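Just below is one structure, and these are the notes that go with it.
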Amino acid sequence: NNARALSTLEGIAKSLDPSFNVLTIMYPYALSRLLKNPSKSEVVARTLQSLIRSEDGKIDRTKIQRLLRDSALISGQSKRRVVWDVLKSKEGRILARGIVGEEVGTYFGRNNRKRDASGKSKKQQRKTKKKRWYYLDL
C-alpha cells in the first residue's frame, strides 16, 4: 500500500516537474531509518549488515564503496554529502567507528588472537553482552 501511494505521488510530481526525483526527497528519511532502526527490526538490521559485510561476516570495502556510489547516484547527492549525512547521526558515527576499527584490527592482526571453542576471542565474548542492533564490535 505504501509503495503504491508513493508511486502515485511520484507520478503526479513528475507530471508537474519532469526532473523531480522522489529518492532525493526520501533519501534523508530512509538513511535515518536504516541507521537508527527505531523499531529494532531484525530485517532492517540484517539489511544494513548485508550491505556492508561479505558472506563470512567481515567488512567488505567493495560493498561499502558500491553502497556509497549507488546512494550518491540514486539520491542525486555527492559521495561526500552521503558520508557526511551518515556521520551526522550518532548511529552513523558508531557504524563508521566500527568499520574503521575492524579494518585497522585486520591490518594489525588484532583479529588473530586466541579464540575459544565458539571461535570468539575473550574481548568478543565480553562484547557479546553489549551487542546492539548493528552488532559491530567497537
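By convention here, the chains of the C-alpha cells are called A, B, ... in the order presented, each chain's residues are numbered starting at 1, and ligands are numbered starting at 1 in the order presented.
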
Which residues come within 9 Å of Val86 (chain A), counting only C-alpha atoms, excluding same-chain residues fewer than 4 positions away, as a ChimeraX atom specification? /A:31-32,35,81-82,90-93,95-96

When you look at region 39-51 of chain A with a cut-off of 9 Å (counting only C-alpha atoms), what residues show up, excluding the ones that are within fewer than 3 positions of it in the same chain? I need them as a PyMOL selection string. chain A and resi 33-36+54-55+57+59-60+63-64+67+133-135

May I have the residues within 12 Å of Leu9 (chain A) as a list of chain:residue names, using only C-alpha atoms and disregarding those fewer than 5 positions away in the same chain?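 Within the cut-off, the hits are A:Asn2, A:Ala3, A:Arg4, A:Lys14, A:Ser15, A:Leu16, A:Phe20, A:Asn21, A:Val22.
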
Keeping only N, CA, C and O atoms, write those residues as a CSV table (one decimal), in the first residue's frame.
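Done, and the output landed in out_14.csv:
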chain,number,residue,atom,x,y,z
A,2,ASN,N,1.9,1.3,0.8
A,2,ASN,CA,2.7,2.5,0.9
A,2,ASN,C,3.5,2.7,-0.4
A,2,ASN,O,3.6,3.8,-0.9
A,3,ALA,N,3.9,1.6,-1.0
A,3,ALA,CA,4.7,1.7,-2.3
A,3,ALA,C,3.7,2.2,-3.4
A,3,ALA,O,4.1,3.0,-4.2
A,4,ARG,N,2.5,1.8,-3.4
A,4,ARG,CA,1.5,2.2,-4.4
A,4,ARG,C,1.2,3.7,-4.2
A,4,ARG,O,1.2,4.4,-5.2
A,14,LYS,N,6.0,14.1,-11.1
A,14,LYS,CA,6.7,14.1,-12.3
A,14,LYS,C,6.0,14.7,-13.5
A,14,LYS,O,6.5,15.3,-14.4
A,15,SER,N,4.6,14.6,-13.4
A,15,SER,CA,3.8,15.3,-14.4
A,15,SER,C,3.9,16.8,-14.3
A,15,SER,O,3.8,17.5,-15.3
A,16,LEU,N,4.1,17.3,-13.1
A,16,LEU,CA,4.3,18.8,-12.9
A,16,LEU,C,5.8,19.2,-13.1
A,16,LEU,O,6.0,20.3,-13.6
A,20,PHE,N,11.8,15.9,-11.4
A,20,PHE,CA,11.5,15.5,-10.0
A,20,PHE,C,12.1,14.1,-9.7
A,20,PHE,O,11.8,13.2,-10.4
A,21,ASN,N,12.8,13.9,-8.6
A,21,ASN,CA,13.3,12.6,-8.2
A,21,ASN,C,12.9,12.4,-6.7
A,21,ASN,O,13.4,13.0,-5.8
A,22,VAL,N,11.9,11.5,-6.6
A,22,VAL,CA,11.4,11.2,-5.2
A,22,VAL,C,12.5,10.7,-4.3
A,22,VAL,O,12.4,10.9,-3.1

In Å, with one decimal, what is the gap from CA of Gly101 (chain A) to CA of Leu73 (chain A)? 27.5 Å
